[in-house]
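Peer 1: Okay, handing you the structure first.
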Amino acid sequence: MMFIVALIPHIIYFFAWIIGKCFGGHVQYAPFGWCALCLAVLVLCFYYYGNTCGRWKMDVEPVELGFETLPASFDGYKIVHISDFHLASFIGHEDKLQRIVDEINSTDADLVCFTGDLVSFTASEIAPFAKALSGIKAKDGVVSVLGNHDFDPYDRTITESRRDSLVQWLIEEQRGLGWHLLNNENMMIKRGSDSIYIVGVMNESSAANGISPVRRGDLKAAMHGVNGFCILLSHDPTHWRAEVAGKSDIPLTLSGHTHAAQLKLFGWTPASWTFRDVEGLYADGDQYLYINTGLGCTLPMRIGVPQEITVITLKRK
């Protein structure tokens, strides 16, 4: 990135030099050279900050949402929403992962919902962190779904049958953590005579989103037997507008995936080039989407986008 940015003044100088030659003018190189050097140093400083300080900043984001259809017994129900561990990014930083687990447990949540991308490449990333991850506690446990990276879609060298076996390995490892993994299925949570449903789909990306979209979700199968208030866990937020908002009666969807590009300057993130919905809360009528910006990294840096733990409190209107 540093070298690409530093090339920009040189490219501008090249075209200016050509124009100068054509019209008999002379363009001095020195201002462009100094500009390239300054840009390279600036990018290097940004990267150093993002890799050392920005990468480990954490936000605990409180969100309160009201629903007329929420059963009375679940008024005040507290959900911790986390996403995108990308465990390979914690290798050598085990203490940072334990800090996250401790922060989650300190919320005294009723339920923890993890919305995918536990690993970056393979299930082997889980083993060094299994003890810490299995220590995440909530009254009704931890519920999770699979994200796009959990299917390792970017390795074009493996066959689909091999990919399926790797995914099955990941499923077994994740269930070994004591988490309730929902693969196009749902679970019921009861409070007295009241109940809500947690619905989970495998990654379902819009066909227009990404170089290698993973489309393993089956919302119809996941919703089978659901006859009350429900919360959908779907890793890729593009699924919400494609199949949920205005097309179902699902009141709340929780997603991750975007990371807000792990870069935000003056309120702008390059993720907005790719995603209509990038981070935080979105509404379509009385249906809501919340996008968590994740805990891990695909690139080892975060600038303006801290690690996020979202604490959602459900209220009855």
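If you're wondering about the labels, chains in the structure tokens are A, B, ... by order shown, residues count from 1 in each chain, ligands from 1 in order shown.
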Run DSSP on the backbone of this structure and report the residues of region 145-209 of chain A it assigns to helix (DSSP H, G or I), as a PyMOL selection string.

Peer 2: chain A and resi 149-151+160-175

Peer 1: Residues within 10 Å of Ile171 (chain A), please, as a PyMOL selection string. Count only C-alpha atoms; anything in the same chain fewer than 4 positions from it doesn't count.

Peer 2: chain A and resi 123+145-146+150+165-167+175-176+181-183

Peer 1: Choose the residue, out of A:His224, A:Arg276, A:Lys315, A:His235, that has the smallest atom-to-atom separation from His257 (chain A); count only C-alpha atoms.

Peer 2: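 Going through A:His224, A:Arg276, A:Lys315, A:His235 one by one, the smallest distance to His257 (chain A) is for A:His235.
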
Peer 1: Rank A:Ala245, A:Leu65, A:Ile100, A:Met301 by their smallest atom-to-atom distance to Ile82 (chain A), using only C-alpha atoms, and report the top residue only.

Peer 2: A:Ile100

Peer 1: Rounded to one decimal in Å, what is the spacing between CA of Val199 (chain A) and CA of Leu232 (chain A)?

Peer 2: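 Taking CA of Val199 (chain A) as the start and CA of Leu232 (chain A) as the end point, the length is 4.7 Å.
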
Peer 1: In Å, with one decimal, what is the gap from CA of Thr310 (chain A) to CA of Glu64 (chain A)?

Peer 2: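 Straight-line distance from CA of Thr310 (chain A) to CA of Glu64 (chain A) works out to 10.4 Å.
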
Peer 1: Which residues are near Gly54 (chain A)? Cut-off 6 Å, only C-alpha atoms, ignore same chain within fewer than 5 positions. Put them as a ChimeraX atom specification.

Peer 2: /A:49,302-303

Peer 1: Selected residues, all heavy atoms, written as a short mmCIF file (atom, residue, chain, number, x, y, z; two decimals), in the first residue's frame, please.

Peer 2:
data_model
loop_
_atom_site.label_atom_id
_atom_site.label_comp_id
_atom_site.auth_asym_id
_atom_site.auth_seq_id
_atom_site.Cartn_x
_atom_site.Cartn_y
_atom_site.Cartn_z
N TYR A 49 0.41 2.59 13.44
CA TYR A 49 -0.63 2.84 14.43
C TYR A 49 -1.71 1.76 14.36
O TYR A 49 -2.14 1.22 15.39
CB TYR A 49 -1.26 4.21 14.22
CG TYR A 49 -2.53 4.41 15.01
CD1 TYR A 49 -2.48 4.75 16.36
CD2 TYR A 49 -3.78 4.21 14.42
CE1 TYR A 49 -3.64 4.90 17.10
CE2 TYR A 49 -4.95 4.35 15.16
CZ TYR A 49 -4.87 4.69 16.50
OH TYR A 49 -6.02 4.82 17.23
N ARG A 302 -6.25 -1.97 12.26
CA ARG A 302 -7.54 -1.29 12.34
C ARG A 302 -7.28 0.19 12.58
O ARG A 302 -6.53 0.55 13.49
CB ARG A 302 -8.40 -1.84 13.48
CG ARG A 302 -9.06 -3.19 13.20
CD ARG A 302 -9.86 -3.69 14.40
NE ARG A 302 -10.56 -4.92 14.10
CZ ARG A 302 -11.83 -5.00 13.70
NH1 ARG A 302 -12.54 -3.90 13.60
NH2 ARG A 302 -12.38 -6.16 13.44
N ILE A 303 -7.90 1.01 11.76
CA ILE A 303 -7.78 2.46 11.92
C ILE A 303 -9.19 3.04 11.95
O ILE A 303 -9.92 2.97 10.95
CB ILE A 303 -6.97 3.09 10.78
CG1 ILE A 303 -5.54 2.55 10.77
CG2 ILE A 303 -6.96 4.61 10.90
CD1 ILE A 303 -4.70 3.01 9.60
#

Peer 1: Quick one: residues within 8 Å of Ala132 (chain A), only C-alpha atoms counted, chain neighbours fewer than 4 positions away excluded, as number ranges by chain?

Peer 2: A: 97-98, 101, 136

Peer 1: To one decimal place in Å, what is the distance between CA of Asn184 (chain A) and CA of Leu219 (chain A)?

Peer 2: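 Rounded to one decimal, the two atoms are 6.5 Å apart.
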
Peer 1: Write out as a PyMOL selection string all residues of region 50-115 of chain A that backbone DSSP assigns to strand (DSSP E).

Peer 2: chain A and resi 58-67+77-82+111-114

Peer 1: Take the residues from that selection and write them out as a compact mmCIF listing (two decimals), in the first residue's frame, keeping N, CA, C and O atoms.

Peer 2:
# COMPACT_ATOMS: atom_id res chain seq x y z
N MET A 58 -11.02 -1.39 21.71
CA MET A 58 -12.28 -2.12 21.80
C MET A 58 -13.42 -1.19 22.20
O MET A 58 -13.26 -0.34 23.08
N ASP A 59 -14.56 -1.36 21.54
CA ASP A 59 -15.78 -0.65 21.90
C ASP A 59 -16.82 -1.66 22.38
O ASP A 59 -17.04 -2.69 21.72
N VAL A 60 -17.43 -1.36 23.52
CA VAL A 60 -18.61 -2.12 23.96
C VAL A 60 -19.80 -1.23 23.66
O VAL A 60 -20.00 -0.20 24.30
N GLU A 61 -20.56 -1.61 22.64
CA GLU A 61 -21.60 -0.75 22.08
C GLU A 61 -22.98 -1.15 22.61
O GLU A 61 -23.49 -2.23 22.29
N PRO A 62 -23.62 -0.31 23.43
CA PRO A 62 -24.97 -0.63 23.94
C PRO A 62 -26.04 -0.25 22.91
O PRO A 62 -25.99 0.83 22.33
N VAL A 63 -26.98 -1.15 22.69
CA VAL A 63 -28.08 -0.90 21.75
C VAL A 63 -29.38 -1.39 22.41
O VAL A 63 -29.44 -2.51 22.92
N GLU A 64 -30.40 -0.53 22.42
CA GLU A 64 -31.71 -0.92 22.95
C GLU A 64 -32.74 -0.88 21.82
O GLU A 64 -32.85 0.11 21.12
N LEU A 65 -33.45 -2.00 21.65
CA LEU A 65 -34.42 -2.11 20.57
C LEU A 65 -35.78 -2.54 21.12
O LEU A 65 -35.86 -3.49 21.91
N GLY A 66 -36.82 -1.83 20.70
CA GLY A 66 -38.17 -2.14 21.17
C GLY A 66 -39.00 -2.83 20.10
O GLY A 66 -38.94 -2.46 18.92
N PHE A 67 -39.80 -3.82 20.52
CA PHE A 67 -40.64 -4.58 19.60
C PHE A 67 -42.01 -4.82 20.23
O PHE A 67 -42.09 -5.25 21.39
N TYR A 77 -34.30 -8.63 27.93
CA TYR A 77 -33.40 -9.73 27.57
C TYR A 77 -32.13 -9.15 26.93
O TYR A 77 -32.20 -8.33 26.03
N LYS A 78 -30.96 -9.60 27.41
CA LYS A 78 -29.69 -9.02 26.98
C LYS A 78 -28.92 -10.00 26.10
O LYS A 78 -28.61 -11.12 26.51
N ILE A 79 -28.61 -9.54 24.89
CA ILE A 79 -27.85 -10.35 23.92
C ILE A 79 -26.51 -9.67 23.65
O ILE A 79 -26.46 -8.48 23.33
N VAL A 80 -25.44 -10.43 23.77
CA VAL A 80 -24.14 -9.94 23.33
C VAL A 80 -23.90 -10.46 21.92
O VAL A 80 -23.93 -11.67 21.67
N HIS A 81 -23.70 -9.54 21.00
CA HIS A 81 -23.46 -9.88 19.59
C HIS A 81 -21.99 -9.67 19.29
O HIS A 81 -21.46 -8.56 19.45
N ILE A 82 -21.32 -10.74 18.84
CA ILE A 82 -19.91 -10.66 18.43
C ILE A 82 -19.78 -11.31 17.06
O ILE A 82 -20.65 -12.07 16.62
N LEU A 111 -27.69 -14.22 26.46
CA LEU A 111 -27.31 -15.02 25.29
C LEU A 111 -26.16 -14.34 24.57
O LEU A 111 -26.13 -13.11 24.48
N VAL A 112 -25.21 -15.13 24.06
CA VAL A 112 -24.16 -14.62 23.19
C VAL A 112 -24.40 -15.15 21.79
O VAL A 112 -24.57 -16.36 21.60
N CYS A 113 -24.42 -14.25 20.81
CA CYS A 113 -24.63 -14.62 19.41
C CYS A 113 -23.37 -14.28 18.61
O CYS A 113 -22.97 -13.12 18.56
N PHE A 114 -22.79 -15.30 17.98
CA PHE A 114 -21.61 -15.11 17.15
C PHE A 114 -22.00 -15.30 15.69
O PHE A 114 -22.53 -16.35 15.31

Peer 1: Arg163 (chain A): which residues within 12 Å, counting only C-alpha atoms, same-chain residues fewer than 2 positions away excluded, as a PyMOL selection string?

Peer 2: chain A and resi 121-123+149-161+165-170

Peer 1: Which residue gives the smallest distance to Arg55 (chain A) among A:Ser89, A:Ser193, A:Thr274, A:Gln174, with only C-alpha atoms counted?

Peer 2: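 The shortest atom-to-atom distance to Arg55 (chain A) comes from A:Ser89.
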
Peer 1: What's around Thr298 (chain A) at 9 Å? Count only C-alpha atoms, leave out sequence neighbours fewer than 4 positions away in its own chain, and write the answer as a list in words.

Peer 2: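 Using only C-alpha atoms, the neighbours found are His86, Ala88, Ser89, Ser120, His259 and Gln262 of chain A.
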
Peer 1: Just write the chosen residues, C-alpha atoms, as an mmCIF file, in the first residue's frame.

Peer 2:
data_model
loop_
_atom_site.group_PDB
_atom_site.id
_atom_site.type_symbol
_atom_site.label_atom_id
_atom_site.label_comp_id
_atom_site.auth_asym_id
_atom_site.auth_seq_id
_atom_site.Cartn_x
_atom_site.Cartn_y
_atom_site.Cartn_z
ATOM 1 C CA HIS A 86 -10.505 -14.619 12.351
ATOM 2 C CA ALA A 88 -5.290 -16.564 12.861
ATOM 3 C CA SER A 89 -5.013 -12.838 13.625
ATOM 4 C CA SER A 120 -9.599 -17.163 8.424
ATOM 5 C CA HIS A 259 -15.387 -5.135 9.285
ATOM 6 C CA GLN A 262 -11.050 -1.944 9.265
#

Peer 1: Restricting the calculation to only C-alpha atoms: of A:Gly285, A:Pro237, A:Gly294, A:Gly217, which residue gets closest to Asp249 (chain A)?

Peer 2: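 Smallest separation from Asp249 (chain A) among the options: A:Gly285.
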
Peer 1: Near Glu243 (chain A), within 12 Å and counting only C-alpha atoms, which residues show up once chain neighbours fewer than 4 positions away are dropped, as number ranges by chain?

Peer 2: A: 201, 204-206, 217-220, 232, 234, 236-239, 247-250, 253
